[in-house]
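Chemist: Take a look at start_14.txt, compact mmCIF, C-alpha atoms and all ligand atoms:
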# COMPACT_ATOMS: atom_id res chain seq x y z
CA MET A 1 -1.31 61.76 -7.88
CA THR A 2 1.68 59.42 -7.82
CA SER A 3 3.71 59.18 -11.03
CA PRO A 4 3.46 55.70 -12.62
CA LEU A 5 7.23 55.78 -13.09
CA ALA A 6 8.06 56.58 -9.48
CA THR A 7 10.13 53.94 -7.77
CA ARG A 8 9.82 55.36 -4.25
CA LEU A 9 6.73 55.99 -2.16
CA ALA A 10 5.96 59.60 -1.35
CA PRO A 11 5.61 60.39 2.38
CA ALA A 12 2.22 61.67 3.58
CA ALA A 13 2.13 65.47 3.26
CA LEU A 14 2.71 67.42 6.48
CA LEU A 15 -0.30 69.33 7.80
CA LEU A 16 -0.75 72.26 10.14
CA PRO A 17 -2.51 71.58 13.46
CA ASP A 18 -5.76 72.93 11.96
CA GLY A 19 -5.57 70.42 9.07
CA ARG A 20 -4.47 72.85 6.35
CA PRO A 21 -1.46 71.92 4.22
CA ALA A 22 1.90 73.02 5.62
CA ARG A 23 2.26 75.44 2.73
CA ALA A 24 -0.56 77.58 4.14
CA ALA A 25 1.94 78.76 6.76
CA TRP A 26 4.11 80.30 4.03
CA THR A 27 3.25 83.10 1.58
CA LEU A 28 4.71 81.45 -1.51
CA SER A 29 2.89 82.33 -4.72
CA GLU A 30 0.19 79.81 -5.62
CA SER A 31 0.93 80.40 -9.28
CA ALA A 32 4.43 78.91 -9.02
CA VAL A 33 5.96 75.57 -8.04
CA HIS A 34 8.71 76.12 -5.46
CA ILE A 35 11.26 73.35 -5.52
CA ASN A 36 14.40 75.36 -4.91
CA HIS A 37 14.40 76.11 -1.20
CA GLY A 38 18.18 75.64 -1.20
CA SER A 39 19.01 78.84 -3.07
CA PHE A 40 17.16 81.56 -1.17
CA GLY A 41 14.97 79.84 1.45
CA ALA A 42 11.36 80.73 2.24
CA VAL A 43 10.09 82.44 5.38
CA PRO A 44 6.94 81.31 7.23
CA LEU A 45 4.33 84.00 7.75
CA VAL A 46 4.69 83.93 11.53
CA ALA A 47 8.36 84.98 11.25
CA GLN A 48 7.54 87.62 8.60
CA GLU A 49 4.92 89.05 10.96
CA HIS A 50 7.36 89.05 13.87
CA GLN A 51 9.95 90.86 11.75
CA ASN A 52 7.35 93.36 10.53
CA ALA A 53 6.31 94.06 14.13
CA LEU A 54 9.96 94.58 15.09
CA ARG A 55 10.39 96.99 12.18
CA ALA A 56 7.30 98.90 13.27
CA GLU A 57 8.74 99.14 16.78
CA MET A 58 12.07 100.40 15.36
CA ASP A 59 10.34 102.97 13.17
CA SER A 60 8.11 104.22 15.96
CA MET A 61 10.92 104.81 18.45
CA PRO A 62 14.38 104.84 16.80
CA VAL A 63 16.13 106.38 19.77
CA GLY A 64 14.68 103.75 22.06
CA TRP A 65 15.47 100.99 19.55
CA PHE A 66 19.09 101.37 18.51
CA PRO A 67 20.90 101.79 21.85
CA ALA A 68 19.06 98.69 23.16
CA LEU A 69 19.70 96.64 20.00
CA PRO A 70 23.04 94.99 20.94
CA SER A 71 21.59 93.43 24.07
CA ARG A 72 18.58 92.11 22.11
CA ILE A 73 20.95 90.64 19.53
CA ALA A 74 22.90 89.00 22.35
CA ASP A 75 19.64 87.37 23.52
CA ALA A 76 18.89 86.14 19.98
CA ARG A 77 22.43 84.81 19.78
CA THR A 78 21.92 82.80 22.95
CA SER A 79 18.73 81.28 21.58
CA ILE A 80 20.31 80.52 18.18
CA ALA A 81 23.36 78.97 19.90
CA ALA A 82 21.03 76.60 21.78
CA PHE A 83 19.58 75.47 18.41
CA PHE A 84 23.11 74.65 17.20
CA GLU A 85 23.94 73.06 20.58
CA VAL A 86 27.00 75.29 20.98
CA ASP A 87 28.03 77.75 23.65
CA ALA A 88 26.84 81.29 22.83
CA SER A 89 30.42 82.51 23.38
CA THR A 90 31.47 80.70 20.18
CA LEU A 91 28.75 82.04 17.85
CA ALA A 92 28.44 85.41 16.10
CA ILE A 93 25.46 86.40 13.97
CA VAL A 94 26.39 87.72 10.52
CA PRO A 95 24.15 88.76 7.59
CA ASN A 96 24.89 85.76 5.36
CA ALA A 97 27.36 82.97 4.70
CA SER A 98 29.24 85.19 2.25
CA ALA A 99 29.70 87.79 4.99
CA GLY A 100 30.89 85.09 7.41
CA ALA A 101 33.53 83.98 4.91
CA SER A 102 34.50 87.63 4.26
CA VAL A 103 34.97 88.15 8.01
CA VAL A 104 37.46 85.28 8.03
CA PHE A 105 39.22 86.46 4.87
CA SER A 106 39.55 90.02 6.16
CA SER A 107 40.56 89.05 9.69
CA LEU A 108 43.46 86.73 8.96
CA PRO A 109 46.82 88.46 9.23
CA VAL A 110 48.48 89.25 5.89
CA THR A 111 51.32 86.80 5.32
CA ARG A 112 53.14 86.97 2.00
CA GLY A 113 53.47 84.22 -0.55
CA LEU A 114 51.24 81.61 1.02
CA GLU A 115 48.70 79.15 -0.38
CA ILE A 116 44.97 78.74 0.13
CA VAL A 117 43.43 75.33 -0.62
CA VAL A 118 39.87 75.22 -2.02
CA THR A 119 37.92 72.57 -3.94
CA ASP A 120 36.22 72.56 -7.31
CA HIS A 121 32.87 72.00 -5.50
CA GLY A 122 33.16 75.37 -3.72
CA TYR A 123 30.58 78.14 -3.96
CA GLY A 124 31.83 80.52 -6.68
CA ALA A 125 31.42 83.75 -4.72
CA VAL A 126 33.26 82.38 -1.67
CA THR A 127 36.04 80.99 -3.87
CA MET A 128 36.39 84.44 -5.45
CA GLY A 129 36.81 85.85 -1.93
CA ALA A 130 39.60 83.32 -1.31
CA GLU A 131 41.20 84.36 -4.61
CA ARG A 132 41.11 88.03 -3.61
CA LEU A 133 42.75 87.15 -0.29
CA ALA A 134 45.46 85.24 -2.18
CA ARG A 135 46.08 88.33 -4.32
CA ARG A 136 46.43 90.46 -1.16
CA TRP A 137 48.89 87.90 0.17
CA ASP A 138 50.72 87.74 -3.15
CA GLY A 139 49.95 84.05 -2.73
CA THR A 140 48.11 81.36 -4.69
CA VAL A 141 44.90 79.36 -4.59
CA LEU A 142 45.27 75.61 -5.10
CA THR A 143 42.09 73.82 -6.19
CA ALA A 144 41.53 70.19 -5.25
CA HIS A 145 39.63 68.29 -7.93
CA ILE A 146 37.16 65.93 -6.30
CA PRO A 147 35.25 63.59 -8.62
CA LEU A 148 31.48 63.92 -8.19
CA ASP A 149 31.16 60.34 -6.92
CA ALA A 150 34.24 60.42 -4.65
CA THR A 151 33.92 58.57 -1.36
CA ALA A 152 34.73 60.37 1.90
CA ALA A 153 38.23 58.87 1.87
CA GLU A 154 38.85 59.86 -1.76
CA ALA A 155 37.60 63.42 -1.19
CA HIS A 156 39.73 63.69 1.97
CA ASP A 157 42.83 62.52 0.12
CA ALA A 158 42.26 64.94 -2.79
CA VAL A 159 42.19 67.94 -0.42
CA VAL A 160 44.93 66.84 1.96
CA ALA A 161 47.26 66.07 -0.97
CA LEU A 162 47.52 69.84 -1.52
CA PHE A 163 48.59 70.63 2.06
CA SER A 164 52.16 71.72 2.55
CA ASP A 165 54.15 73.93 4.89
CA ARG A 166 53.05 76.87 2.68
CA THR A 167 49.32 76.26 3.27
CA ALA A 168 47.81 79.17 5.23
CA LEU A 169 44.10 78.40 4.93
CA VAL A 170 41.73 75.66 3.75
CA VAL A 171 38.22 76.52 2.55
CA VAL A 172 35.96 73.50 2.20
CA ASP A 173 32.18 73.07 1.94
CA GLN A 174 30.26 70.78 4.27
CA ILE A 175 27.37 70.55 1.77
CA THR A 176 28.34 71.62 -1.73
CA SER A 177 26.19 73.93 -3.82
CA PRO A 178 26.73 72.74 -7.43
CA THR A 179 26.91 69.06 -6.52
CA ALA A 180 24.56 68.68 -3.52
CA ARG A 181 26.91 66.40 -1.61
CA PHE A 182 28.83 66.29 1.65
CA LEU A 183 32.56 66.70 1.83
CA PRO A 184 34.38 65.08 4.78
CA VAL A 185 35.05 68.32 6.64
CA ASP A 186 35.59 66.36 9.86
CA THR A 187 38.67 64.41 8.78
CA ILE A 188 39.99 67.27 6.61
CA SER A 189 39.78 69.62 9.62
CA ASP A 190 41.50 67.07 11.88
CA GLU A 191 44.39 66.66 9.45
CA ALA A 192 44.68 70.43 8.97
CA LYS A 193 44.67 70.97 12.73
CA ARG A 194 47.42 68.36 13.15
CA ARG A 195 49.50 70.46 10.73
CA GLY A 196 48.52 73.82 12.26
CA ILE A 197 46.54 74.96 9.18
CA PRO A 198 43.34 77.02 9.82
CA VAL A 199 40.13 75.73 8.20
CA LEU A 200 37.03 77.63 7.11
CA VAL A 201 34.04 75.31 6.61
CA ASP A 202 31.40 76.77 4.31
CA ALA A 203 28.27 75.14 5.69
CA ALA A 204 25.78 77.55 4.08
CA HIS A 205 23.16 74.83 3.53
CA VAL A 206 23.68 72.88 6.75
CA PRO A 207 21.75 74.72 9.53
CA ALA A 208 18.53 72.86 10.37
CA LEU A 209 19.25 69.99 7.94
CA TYR A 210 21.30 68.18 10.58
CA PRO A 211 21.16 68.52 14.38
CA ALA A 212 24.26 69.80 16.22
CA PRO A 213 26.13 70.19 12.91
CA THR A 214 29.40 71.40 14.44
CA ALA A 215 29.65 68.68 17.11
CA GLY A 216 33.07 67.05 16.96
CA LEU A 217 34.37 69.35 14.21
CA SER A 218 37.85 70.75 14.83
CA CYS A 219 37.67 73.49 12.15
CA ASP A 220 38.50 77.03 13.26
CA PHE A 221 35.63 78.75 11.41
CA TRP A 222 32.21 77.46 10.38
CA VAL A 223 29.65 79.57 8.54
CA GLY A 224 26.01 78.58 7.95
CA ASN A 225 22.86 80.32 6.77
CA LEU A 226 19.73 80.45 8.87
CA HIS A 227 17.83 81.90 5.89
CA LYS A 228 18.09 78.62 3.99
CA PHE A 229 16.69 75.42 5.55
CA ALA A 230 16.07 77.00 8.97
CA CYS A 231 13.59 79.35 7.22
CA ALA A 232 14.73 82.48 9.07
CA PRO A 233 14.14 85.94 7.61
CA ARG A 234 16.83 86.71 5.06
CA GLY A 235 19.99 88.29 6.32
CA THR A 236 20.67 85.82 9.14
CA ALA A 237 23.66 83.52 9.32
CA VAL A 238 26.14 82.30 11.93
CA LEU A 239 29.90 82.26 12.24
CA ILE A 240 30.95 79.66 14.81
CA ALA A 241 34.61 79.87 15.75
CA GLN A 242 37.12 78.18 18.02
CA GLY A 243 40.89 78.09 18.48
CA ASP A 244 43.74 80.58 18.59
CA LEU A 245 42.43 82.87 15.84
CA VAL A 246 39.03 83.66 17.39
CA GLY A 247 40.32 86.92 18.87
CA GLU A 248 41.29 88.09 15.35
CA LEU A 249 37.70 87.99 14.06
CA TYR A 250 36.04 91.38 13.57
CA PRO A 251 32.71 92.18 11.91
CA LEU A 252 32.81 93.69 8.43
CA VAL A 253 31.37 96.91 9.88
CA ASP A 254 33.66 98.45 12.52
CA SER A 255 31.40 99.80 15.21
CA TRP A 256 30.98 100.39 18.93
CA GLY A 257 31.58 96.75 19.78
CA ALA A 258 35.18 96.96 18.52
CA ARG A 259 36.62 96.78 22.03
CA ASP A 260 34.38 93.89 23.05
CA PRO A 261 35.56 90.30 22.77
CA PHE A 262 34.33 87.85 20.10
CA PRO A 263 31.40 87.36 19.55
CA ALA A 264 29.88 90.33 21.44
CA ARG A 265 31.64 92.76 19.09
CA PHE A 266 29.40 91.42 16.28
CA ASP A 267 26.28 92.56 18.19
CA SER A 268 26.96 96.23 17.31
CA GLN A 269 26.79 97.07 13.62
CA GLY A 270 25.94 100.77 13.56
CA THR A 271 22.60 101.92 12.21
CA LEU A 272 21.36 98.85 10.34
CA ASP A 273 18.05 97.03 10.18
CA LEU A 274 18.96 93.84 12.04
CA THR A 275 15.38 92.74 12.70
CA SER A 276 16.10 89.52 10.79
CA TYR A 277 18.46 88.47 13.62
CA LEU A 278 15.77 89.06 16.24
CA ALA A 279 13.02 87.26 14.31
CA ALA A 280 15.16 84.23 13.35
CA PRO A 281 14.35 82.26 16.53
CA THR A 282 10.66 82.54 15.61
CA SER A 283 11.22 80.37 12.52
CA LEU A 284 13.19 77.79 14.50
CA THR A 285 10.49 77.61 17.15
CA PHE A 286 7.65 77.51 14.63
CA ILE A 287 8.94 74.36 12.94
CA GLU A 288 9.90 72.75 16.25
CA GLU A 289 6.48 73.39 17.79
CA THR A 290 4.48 72.49 14.68
CA TRP A 291 6.13 69.21 13.58
CA GLY A 292 9.45 68.98 15.42
CA TRP A 293 12.72 69.34 13.49
CA ASP A 294 13.39 65.58 13.62
CA THR A 295 10.06 64.83 11.92
CA ALA A 296 10.64 67.63 9.44
CA ARG A 297 14.09 66.28 8.52
CA ARG A 298 12.70 62.77 8.02
CA TYR A 299 9.98 64.18 5.75
CA LEU A 300 12.48 66.25 3.74
CA SER A 301 14.64 63.19 3.18
CA GLU A 302 11.80 60.82 2.19
CA LEU A 303 10.29 63.41 -0.12
CA ALA A 304 13.69 64.00 -1.74
CA ASP A 305 14.03 60.22 -2.34
CA TYR A 306 10.65 60.27 -4.06
CA ALA A 307 11.40 63.41 -6.07
CA GLU A 308 14.82 62.27 -7.23
CA HIS A 309 13.54 58.89 -8.43
CA THR A 310 10.37 60.28 -9.99
CA ILE A 311 12.19 62.93 -12.01
CA ALA A 312 15.05 60.62 -13.02
CA ALA A 313 12.51 58.00 -14.18
CA ALA A 314 10.69 60.63 -16.23
CA PHE A 315 13.93 61.46 -18.08
CA THR A 316 14.68 57.77 -18.55
CA ALA A 317 11.31 57.29 -20.25
CA PHE A 318 12.61 59.62 -23.01
CA THR A 319 16.32 58.82 -23.16
CA GLY A 320 16.51 55.17 -22.11
CA GLU A 321 19.47 56.11 -19.86
CA SER A 322 19.76 56.37 -16.09
CA HIS A 323 19.53 59.94 -14.82
CA LEU A 324 20.23 59.06 -11.19
CA VAL A 325 23.49 60.55 -9.94
CA ASP A 326 26.02 59.02 -7.54
CA VAL A 327 27.27 61.97 -5.49
CA GLY A 328 29.40 59.88 -3.15
CA MET A 329 28.11 61.38 0.13
CA PRO A 330 24.43 62.29 -0.41
CA VAL A 331 22.43 64.91 1.51
CA ASN A 332 18.90 64.59 2.92
CA ALA A 333 17.06 67.49 1.27
CA LEU A 334 19.10 68.43 -1.82
CA ARG A 335 19.52 66.05 -4.77
CA LEU A 336 20.86 66.07 -8.31
CA VAL A 337 19.21 64.55 -11.38
CA ARG A 338 21.35 64.42 -14.54
CA LEU A 339 20.00 66.44 -17.47
CA PRO A 340 20.08 65.13 -21.02
CA ASP A 341 23.33 65.97 -22.84
CA GLY A 342 23.54 69.39 -24.47
CA ILE A 343 22.11 71.66 -21.76
CA ALA A 344 23.62 73.38 -18.71
CA GLY A 345 27.16 72.51 -19.77
CA ASP A 346 28.42 75.46 -17.72
CA GLN A 347 27.01 77.47 -14.81
CA GLU A 348 26.00 80.41 -17.01
CA SER A 349 23.80 78.21 -19.22
CA ALA A 350 22.50 76.41 -16.11
CA ASN A 351 21.37 79.77 -14.71
CA ALA A 352 19.77 80.65 -18.06
CA LEU A 353 17.86 77.36 -17.87
CA ARG A 354 16.57 78.27 -14.39
CA ASP A 355 15.21 81.56 -15.76
CA ARG A 356 13.70 79.89 -18.86
CA MET A 357 12.00 77.25 -16.69
CA LEU A 358 10.49 79.95 -14.47
CA ASP A 359 9.23 81.92 -17.46
CA ALA A 360 7.83 78.92 -19.33
CA PHE A 361 6.36 76.83 -16.49
CA GLY A 362 6.32 78.97 -13.34
CA VAL A 363 8.73 76.52 -11.71
CA GLU A 364 11.31 77.90 -9.27
CA GLY A 365 14.12 75.38 -9.62
CA ALA A 366 17.90 75.20 -9.64
CA PHE A 367 20.17 73.96 -12.38
CA THR A 368 23.86 73.34 -11.87
CA SER A 369 26.83 72.29 -13.90
CA PHE A 370 29.88 70.29 -12.87
CA ASP A 371 32.69 69.01 -15.06
CA GLY A 372 30.72 70.01 -18.17
CA VAL A 373 27.59 68.01 -17.20
CA GLY A 374 24.24 69.68 -16.45
CA TYR A 375 22.07 68.78 -13.46
CA PHE A 376 18.68 69.67 -12.06
CA ARG A 377 19.15 70.32 -8.34
CA LEU A 378 15.98 69.80 -6.36
CA SER A 379 15.28 70.81 -2.78
CA THR A 380 12.56 69.73 -0.41
CA HIS A 381 11.00 71.49 2.57
CA VAL A 382 8.01 70.91 4.79
CA TYR A 383 5.73 72.95 2.49
CA ASN A 384 6.57 70.75 -0.52
CA THR A 385 4.53 67.70 -1.49
CA ALA A 386 4.90 64.93 -4.08
CA ALA A 387 2.66 66.95 -6.43
CA ASP A 388 5.42 69.57 -6.86
CA TYR A 389 7.84 67.00 -8.27
CA ASP A 390 5.13 65.17 -10.23
CA HIS A 391 4.41 68.50 -11.93
CA PHE A 392 8.08 68.86 -12.84
CA ALA A 393 8.21 65.28 -14.15
CA GLU A 394 5.06 65.73 -16.23
CA PHE A 395 5.63 69.19 -17.73
CA CYS A 396 9.27 70.25 -17.34
CA VAL A 397 11.05 67.00 -18.15
CA PRO A 398 9.59 66.73 -21.69
CA ALA A 399 10.52 70.37 -22.32
CA LEU A 400 14.07 69.85 -21.07
CA VAL A 401 14.43 66.82 -23.34
CA GLU A 402 13.18 68.90 -26.26
CA TRP A 403 15.47 71.88 -25.41
CA ALA A 404 18.43 69.48 -25.15
CA SER A 405 17.75 67.88 -28.51
CA ALA A 406 17.26 71.33 -30.11
CA SER A 407 20.65 72.44 -28.79
CA SER A 408 22.61 69.41 -30.05
C1 LIG B 501 27.87 76.61 -0.28
C2 LIG B 501 27.39 78.02 -0.27
N1 LIG B 501 28.17 78.97 0.27
C3 LIG B 501 27.78 80.26 0.33
C4 LIG B 501 26.56 80.65 -0.17
C5 LIG B 501 26.18 82.10 -0.10
O1 LIG B 501 25.08 82.30 0.71
P1 LIG B 501 24.60 83.82 0.92
O2 LIG B 501 24.17 84.32 -0.42
O3 LIG B 501 23.47 83.70 1.88
O4 LIG B 501 25.75 84.55 1.46
C6 LIG B 501 25.71 79.70 -0.74
C7 LIG B 501 24.40 80.10 -1.29
O5 LIG B 501 23.68 79.34 -1.87
C8 LIG B 501 26.14 78.35 -0.80
O6 LIG B 501 25.38 77.41 -1.35
As structure tokens, please, write out the structure in this file.
Ligand SMILES: Cc1ncc(COP(=O)(O)O)c(C=O)c1O
Modeler:
Amino acid sequence: MTSPLATRLAPAALLLPDGRPARAAWTLSESAVHINHGSFGAVPLVAQEHQNALRAEMDSMPVGWFPALPSRIADARTSIAAFFEVDASTLAIVPNASAGASVVFSSLPVTRGLEIVVTDHGYGAVTMGAERLARRWDGTVLTAHIPLDATAAEAHDAVVALFSDRTALVVVDQITSPTARFLPVDTISDEAKRRGIPVLVDAAHVPALYPAPTAGLSCDFWVGNLHKFACAPRGTAVLIAQGDLVGELYPLVDSWGARDPFPARFDSQGTLDLTSYLAAPTSLTFIEETWGWDTARRYLSELADYAEHTIAAAFTAFTGESHLVDVGMPVNALRLVRLPDGIAGDQESANALRDRMLDAFGVEGAFTSFDGVGYFRLSTHVYNTAADYDHFAEFCVPALVEWASASS
């Protein structure tokens, strides 16, 4: 059914080759509506089965498995590097984007009294890592305030204005988590490079949403999750690095690869279940062979247009206000819709709203807060259809309006 208030046409749902809906290739609960791929991803059955088979192999022959593991990880790394269109010698596999950022934070030499530049759109856990590094340095974190609707030039200027000869590191997100927008990491990295300042780009959401996402970027370090939009088994991310500091990068677990160069030293991590790394290429190949990533990306973007406008229009029917949000540099598969005043005024209450929505309506969603304003953050993936967002517009929007008016 198409919502009467929708102002965009929904794309035709994607099907599997045998005619079943795309969702049949996932194992998501039928009793829930899953419109928050962006937070924790979702793994297609074929990749789960591959990982389970790898685990069975590991458990049947541990002594055969572990000594051979680094060379199998190196093979997976080569295949993952091809997906990113980078040379395998620049890419290490790490468990998650947080770990990739921690590798950078723990690898940089300690230099006293220096500054780290972050933004107020940064992912809280990564920003806390930058703050801990600043404490170790006896230094400071400077936070660039970027208005939600800032253009690329305005966002660039807000970050670069904090650069000085004391800046030792810049941490900036390519796609932001609370605000579902791009930041101009290309021009920020170029300016930082010109001044000799290292840059860590937190691109947790980016892998698979855009082809060759590091092409032309001059940043030193780039971290991205494969267990988000690339649908890999959880515990799979990449750290892509270039420049003078590459040799300083060591995995969080010191192990037998310690004497190897980057990134081979990341292939040895002691006795750990790294089957997610080996099964990750299965997810990439599954989507490529079933629909093609270009088709998938187009679908994600068109469905997000539909979802954003349908849900915003449903709020407008109650409030008479626009709930569309200008995020300055929008993203294809993640969008914000403004909530009515009075709810999700900070991230803690936004998280509480996520839990209440799941309990009350079986909807897996994401709520965020920025500058005291609450937002519903929707995601799309190939297994989603217009019906998921119609459901939210029909059942969740009236409840959110009621919860907002009860709280004011
Ligand atoms: C921008 C950003 N950075 C880092 C992370 C952390 O990802 P992970 O929990 O996989 O380490 C996330 C997770 O949503 C994120 O959105």
Chemist: Please identify the residues whose atoms come within 7 Å of ligand LIG 501 (chain B), using only C-alpha atoms and all ligand atoms, and report them as a ChimeraX atom specification.
Modeler: /A:38-40,96-99,122-123,126,173,175-177,202-205,225
Chemist: What does the file look like for those residues with C-alpha atoms, as a PDB file, in the frame of the given file?
Modeler:
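This went into again-v7.pdb:
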ATOM      1  CA  GLY A  38      18.180  75.640  -1.200  1.00  0.00           C
ATOM      2  CA  SER A  39      19.010  78.840  -3.070  1.00  0.00           C
ATOM      3  CA  PHE A  40      17.160  81.560  -1.170  1.00  0.00           C
ATOM      4  CA  ASN A  96      24.890  85.760   5.360  1.00  0.00           C
ATOM      5  CA  ALA A  97      27.360  82.970   4.700  1.00  0.00           C
ATOM      6  CA  SER A  98      29.240  85.190   2.250  1.00  0.00           C
ATOM      7  CA  ALA A  99      29.700  87.790   4.990  1.00  0.00           C
ATOM      8  CA  GLY A 122      33.160  75.370  -3.720  1.00  0.00           C
ATOM      9  CA  TYR A 123      30.580  78.140  -3.960  1.00  0.00           C
ATOM     10  CA  VAL A 126      33.260  82.380  -1.670  1.00  0.00           C
ATOM     11  CA  ASP A 173      32.180  73.070   1.940  1.00  0.00           C
ATOM     12  CA  ILE A 175      27.370  70.550   1.770  1.00  0.00           C
ATOM     13  CA  THR A 176      28.340  71.620  -1.730  1.00  0.00           C
ATOM     14  CA  SER A 177      26.190  73.930  -3.820  1.00  0.00           C
ATOM     15  CA  ASP A 202      31.400  76.770   4.310  1.00  0.00           C
ATOM     16  CA  ALA A 203      28.270  75.140   5.690  1.00  0.00           C
ATOM     17  CA  ALA A 204      25.780  77.550   4.080  1.00  0.00           C
ATOM     18  CA  HIS A 205      23.160  74.830   3.530  1.00  0.00           C
ATOM     19  CA  ASN A 225      22.860  80.320   6.770  1.00  0.00           C
TER      20      ASN A 225
END
Chemist: Using only C-alpha atoms, can you list as a count of residues only the residues within 9 Å of (40.3, 74.5, 8.0)?
Modeler: 21
Chemist: Grab all the atoms of region 377-384 of chain A that the file lists, wrap them in a box along x, y and z, add 5 Å per side, and give me centre plus edge lengths in Å (one decimal) as AutoDock Vina command-line options.
Modeler:
--center_x 12.4 --center_y 71.3 --center_z -1.8 --size_x 23.4 --size_y 13.2 --size_z 23.1
Chemist: Return the single residue from A:Ala386, A:Ala399, A:Ala12, A:Ala134 that is closest to Met357 (chain A), with distances computed using all atoms listed in the file.
Modeler: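 Counting all atoms listed in the file, the residue closest to Met357 (chain A) is A:Ala399.
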Chemist: Compare A:Ala150, A:Ala10, A:Val103, A:Leu45 by their minimum atom-to-atom distance to Met329 (chain A), counting only C-alpha atoms, and give me the closest one.
Modeler: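 Using only C-alpha atoms, Met329 (chain A) sits closest to A:Ala150.
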Chemist: Restricting the calculation to all atoms listed in the file: of A:Ala144, A:Val94, A:Ala22, A:Leu353, which residue gets closest to Val117 (chain A)?
Modeler: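 Distance minimum relative to Val117 (chain A) lands on A:Ala144.
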Chemist: Work out how far CA of Arg377 (chain A) is from CA of Arg335 (chain A), in Å to one decimal.
Modeler: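 That distance, rounded to one decimal, is 5.6 Å.
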Chemist: Would you kindly return, as a list in words, each protein, DNA or RNA residue with an atom no farther than 9 Å from any atom of region 343-351 of chain A, considering only C-alpha atoms and excluding same-chain residues fewer than 3 positions away?
Modeler: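 Once the adjacent positions are removed, what remains is Pro178, Leu339, Pro340, Arg354, Asp355, Arg356, Ala366, Phe367, Thr368, Ser369, Phe370, Asp371, Gly372, Val373, Gly374, Tyr375, Phe376, Leu400, Trp403, Ala404, Ser405, Ser407 and Ser408 of chain A.
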Chemist: Any chance you could build region 69-82 of chain A out to N, CA and C atoms and write it as a compact mmCIF listing (two decimals), in the coordinates of the input?
Modeler:
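To be explicit, this is the file written out as out-v2.txt:
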# COMPACT_ATOMS: atom_id res chain seq x y z
N LEU A 69 19.63 97.75 20.97
CA LEU A 69 19.70 96.64 20.00
C LEU A 69 20.78 95.60 20.33
N PRO A 70 22.02 96.02 20.69
CA PRO A 70 23.04 94.99 20.94
C PRO A 70 22.63 93.97 22.00
N SER A 71 21.95 94.42 23.03
CA SER A 71 21.59 93.43 24.07
C SER A 71 20.47 92.51 23.57
N ARG A 72 19.61 93.00 22.67
CA ARG A 72 18.58 92.11 22.11
C ARG A 72 19.23 91.11 21.15
N ILE A 73 20.25 91.57 20.42
CA ILE A 73 20.95 90.64 19.53
C ILE A 73 21.67 89.57 20.37
N ALA A 74 22.23 89.99 21.49
CA ALA A 74 22.90 89.00 22.35
C ALA A 74 21.90 87.94 22.82
N ASP A 75 20.66 88.35 23.11
CA ASP A 75 19.64 87.37 23.52
C ASP A 75 19.31 86.42 22.37
N ALA A 76 19.18 86.99 21.15
CA ALA A 76 18.89 86.14 19.98
C ALA A 76 20.04 85.16 19.75
N ARG A 77 21.24 85.64 19.96
CA ARG A 77 22.43 84.81 19.78
C ARG A 77 22.41 83.62 20.74
N THR A 78 21.99 83.88 21.97
CA THR A 78 21.92 82.80 22.95
C THR A 78 20.90 81.76 22.51
N SER A 79 19.77 82.22 22.00
CA SER A 79 18.73 81.28 21.58
C SER A 79 19.16 80.51 20.33
N ILE A 80 19.83 81.19 19.40
CA ILE A 80 20.31 80.52 18.18
C ILE A 80 21.42 79.52 18.54
N ALA A 81 22.28 79.89 19.48
CA ALA A 81 23.36 78.97 19.90
C ALA A 81 22.77 77.69 20.48
N ALA A 82 21.67 77.81 21.21
CA ALA A 82 21.03 76.60 21.78
C ALA A 82 20.55 75.70 20.65
